[in-house]
Amino acid sequence: MRRYALIAEPDPQRAAGLLSLMTEEGLEGVVAKDGAEAQDVVRQRGAPLLLVTDLALPRLDGFALLTWLREQEDSAATQVVVVTAFDELRVRAWQLKEALGIHALLSRRASSEVMRDTLRRVLAGQLAPQPPPAEGAAEQERQRLASITAMHLVDNGPPEAELQQLVKEVAQAFGVPVALLTLVLGERQWFKAHVGLPPTLAKDRGTPRDWAFCHHVVQGREPLVVPDARRHPYFRDNPLVRNGIVGSYAGAPLLTSTGEVLGSLCVIDSRPLVLGAEDLAVLRELANRVAEDLEQRARVKPATGKAPAEPALTEASALGLLRDAVQALDVAALLVAPGRKPHACNTAMTDLLGLPPEPFPAMTFDAFCQHVAGLTADPASTLRQLDLASESSRGLRLTLVLERPQPHRLRWVARPFPIPGGMAQMLTLADIGHTRPAREEWERQHRVDALTGLVSRRAGEERVLREIGRCRRDGMPFSVLLADLVGLGRINATRGFDAGDATLRDGARVTEALGVPGGFAVRWEGGAFLLALPGVDAARAEALRQKLRDTPDAPEVVSAAVTVEGEEDPQGTLARAQAALIRAKTEHRPLRLA
């Protein structure tokens, strides 16, 4: 048994605290931010002496991780401590403790002293007792419902247009068909805004609370992610899951400044959801901004219900005053007028981002975001996050790492505020240091292959699975092309590894050049590359494969192209592509699998 402790925890601060406890116990701690990453660690290092895991993990939940772990031959002696914020999930895990090999269950709100004592008990071979339920839950629920009533959040009118636009943008940004802004009431959940719901649910604007995934977010006061509800031991019997409405879920709490959780901002798909820890952090941050906005509205709403008096300022005069204020700031700042129209920025912003002195109003807000994303190591992922920072999305806080024009770590803070004519936004970029933290540098290196500059296998597989789901929802085909360099081992042996590396870079360049809009190339493994082809059918994929084979002066490759078939599991598509490439390599000639 390897003497290391594996910590499966998406929250960096909690992971750091657990690492400290492991060090106290003389164990090497290894952090995995989701269930799939935890699997990778076990494959590389063998089963750990101790596993501390949450149950609500991105990509692969804690139940699925434990089931998989117990199937590994060397895992019999692994001690398992489960930490979760969700009472019902903790109860279900306790019921399955024998099958999953769980030795202790703790609340995420447990103190460090309780955690330390539990770890020592488990490492000593003792089965820790299940902790009693938290006290004061009834009073907290009463206060929570009183806050919803006092804020006048529930009404009989249609959903507000601004909030409807918010959930629409959230659904688009996360690549899912359904997004909801929910309030969890005494006996039901109510949809304050919604997009993508079946007609019956949209008409009712709610479900019984017993059905609500958002109920667990409220109870646990933490984000909840269920990557595959259909296989989840707790959620698979939910009526919304049985009826095919919810196949996966991710929700973050609407937490007020006084500590009450009003409901949830959530995204839903009918298929398994491929969201990482970073996506969950963005959803949480966005939910915080929505909760702030709901509180602000409640404070300024007159008791009489009459509309407030129109302010004396006009939109033009308000923007003029704000423009002068922006120019006086030392921090990089951008003023965005209502309608997502960049209005003014200061010299600090143009210098930081390498923009011309007068970039606005010629540059749109979308173009600005594209420019910023293009300065990072992963433009596509960064742009997806920046897309959330729009006027109707209520603002966002992000940490960005720029590679150009100079390396910088920046804090992106977008704060909305009302002016005559609509909602404006003040965007600031604060430099928080030129040196990447070790974890952030590790993430960057593991998302980009250092030799070829292509997307890495781990990050590429996530993007492929997400793109397959998006193309299915949009009714578009999706193909993948796998290509493996011929004779790479022989080149390394006869001409040296520098020559082999040069061949790899040439192969990557030629493969990437065949890409289509929205597609991307991946350093798959060894001398193999994967080209993701959204919107490309089987005939066009075969034509691209032939083009790759016939490219002049390109390294010789063996290749295979496959197209997603019907409702085929995305992992099944990748497995077919691998199998086709193996057959092609065996026959030593290009092959296409229809």
# chains A, B, ... in the order shown; residues from 1 in each chain; ligands from 1
>>> residues_around(residues="segment 478-488 of chain A", least_positions_apart="4", cutoff="6 Å", atoms="only C-alpha atoms", output="list in words")
Gly527, Ala528, Phe529, Leu530, Leu531, Ala532, Leu533, Pro534, Gly535, Val536, Glu556, Val557, Val558, Ser559, Ala560, Ala561, Val562, Thr563 and Val564 of chain A
>>> closest_residue(among="A:Asp40, A:Glu28, A:Asp569, A:Asp87", to="Leu55 of chain A", atoms="only C-alpha atoms")
A:Asp87
>>> closest_atom_pairs(of="segment 53-113 of chain A", to="segment 42-49 of chain A", cutoff="10 Å", atoms="only C-alpha atoms", output="tab-separated table")
residue	atom	partner	partner_atom	distance
A:Leu69	CA	A:Ala47	CA	7.7
A:Arg70	CA	A:Ala47	CA	9.5
A:Gln72	CA	A:Ala47	CA	7.7
A:Glu73	CA	A:Ala47	CA	8.7
A:Asp74	CA	A:Ala47	CA	5.9
A:Ser75	CA	A:Ala47	CA	5.2
A:Ala76	CA	A:Ala47	CA	8.7
A:Ala77	CA	A:Leu49	CA	6.9
A:Thr78	CA	A:Leu49	CA	4.9
A:Gln79	CA	A:Leu49	CA	6.2
A:Val80	CA	A:Leu49	CA	8.8
>>> residues_around(residues="Thr364 of chain A", least_positions_apart="3", cutoff="7 Å", atoms="only C-alpha atoms", output="list in words")
Lys341, Pro342, Ala367 and Phe368 of chain A
>>> residues_around(residues="segment 144-151 of chain A", least_positions_apart="3", cutoff="6 Å", atoms="only C-alpha atoms", output="list in words")
Glu141, Glu260 and Ala298 of chain A
>>> closest_residue(among="A:Leu375, A:Cys214, A:Ala8, A:Val522", to="Gln39 of chain A", atoms="only C-alpha atoms")
A:Ala8
>>> closest_residue(among="A:Gln164, A:Gln95, A:Gln172, A:Gln189", to="Val267 of chain A", atoms="only C-alpha atoms")
A:Gln172
>>> residues_around(residues="Ala5 of chain A", least_positions_apart="2", cutoff="9 Å", atoms="only C-alpha atoms", output="ChimeraX atom specification")
/A:2-3,7,19,22,27-31,48-52
>>> residues_around(residues="Ala250 of chain A", least_positions_apart="5", cutoff="6 Å", atoms="only C-alpha atoms", output="PyMOL selection string")
chain A and resi 224-225+266-267
>>> write_last_selection(atoms="all heavy atoms", output="mmCIF file, in the first residue's frame")
data_model
loop_
_atom_site.group_PDB
_atom_site.id
_atom_site.type_symbol
_atom_site.label_atom_id
_atom_site.label_comp_id
_atom_site.auth_asym_id
_atom_site.auth_seq_id
_atom_site.Cartn_x
_atom_site.Cartn_y
_atom_site.Cartn_z
ATOM 1 N N LEU A 224 -23.570 22.203 -5.647
ATOM 2 C CA LEU A 224 -23.797 20.766 -5.835
ATOM 3 C C LEU A 224 -23.646 20.446 -7.313
ATOM 4 O O LEU A 224 -24.234 21.123 -8.162
ATOM 5 C CB LEU A 224 -25.209 20.372 -5.374
ATOM 6 C CG LEU A 224 -25.673 18.955 -5.727
ATOM 7 C CD1 LEU A 224 -24.833 17.909 -4.990
ATOM 8 C CD2 LEU A 224 -27.156 18.778 -5.422
ATOM 9 N N VAL A 225 -22.859 19.430 -7.635
ATOM 10 C CA VAL A 225 -22.743 18.963 -9.010
ATOM 11 C C VAL A 225 -23.030 17.470 -9.024
ATOM 12 O O VAL A 225 -22.526 16.712 -8.191
ATOM 13 C CB VAL A 225 -21.347 19.280 -9.603
ATOM 14 C CG1 VAL A 225 -20.231 18.671 -8.776
ATOM 15 C CG2 VAL A 225 -21.246 18.826 -11.040
ATOM 16 N N CYS A 266 -28.691 27.393 -11.379
ATOM 17 C CA CYS A 266 -28.276 26.043 -11.753
ATOM 18 C C CYS A 266 -28.347 25.832 -13.259
ATOM 19 O O CYS A 266 -29.043 26.550 -13.979
ATOM 20 C CB CYS A 266 -29.122 24.989 -11.047
ATOM 21 S SG CYS A 266 -30.870 24.972 -11.531
ATOM 22 N N VAL A 267 -27.591 24.836 -13.723
ATOM 23 C CA VAL A 267 -27.613 24.404 -15.115
ATOM 24 C C VAL A 267 -27.932 22.915 -15.132
ATOM 25 O O VAL A 267 -27.514 22.164 -14.250
ATOM 26 C CB VAL A 267 -26.271 24.683 -15.824
ATOM 27 C CG1 VAL A 267 -26.042 26.169 -15.955
ATOM 28 C CG2 VAL A 267 -25.092 24.034 -15.087
#
>>> residues_around(residues="segment 453-470 of chain A", least_positions_apart="5", cutoff="10 Å", atoms="only C-alpha atoms", output="PyMOL selection string")
chain A and resi 36-37+40+59+172+174-177+269-276+377-378+381+443-448+475-480+505+508-509+512+518-525+529-535+564+567+569-571+573-574
>>> atom_distance(atom1="atom CA of His343 of chain A", atom2="atom CA of Leu398 of chain A")
21.7 Å
>>> closest_residue(among="A:Leu322, A:Leu166, A:Ala124, A:Ala430", to="Arg409 of chain A", atoms="only C-alpha atoms")
A:Ala430
>>> closest_residue(among="A:Gln126, A:Phe191, A:Glu222, A:Ala554", to="Pro159 of chain A", atoms="only C-alpha atoms")
A:Phe191
>>> closest_residue(among="A:Lys168, A:Arg90, A:His152, A:Arg411", to="Thr399 of chain A", atoms="only C-alpha atoms")
A:Arg411
>>> atom_distance(atom1="atom CA of Glu315 of chain A", atom2="atom CA of Ala173 of chain A")
29.3 Å
>>> select_by_dssp(residues="segment 79-157 of chain A", states="helix (DSSP H, G or I)", output="ChimeraX atom specification")
/A:87-95,97-100,112-123,137-150
>>> atom_distance(atom1="atom CA of Leu280 of chain A", atom2="atom CA of Pro338 of chain A")
27.9 Å
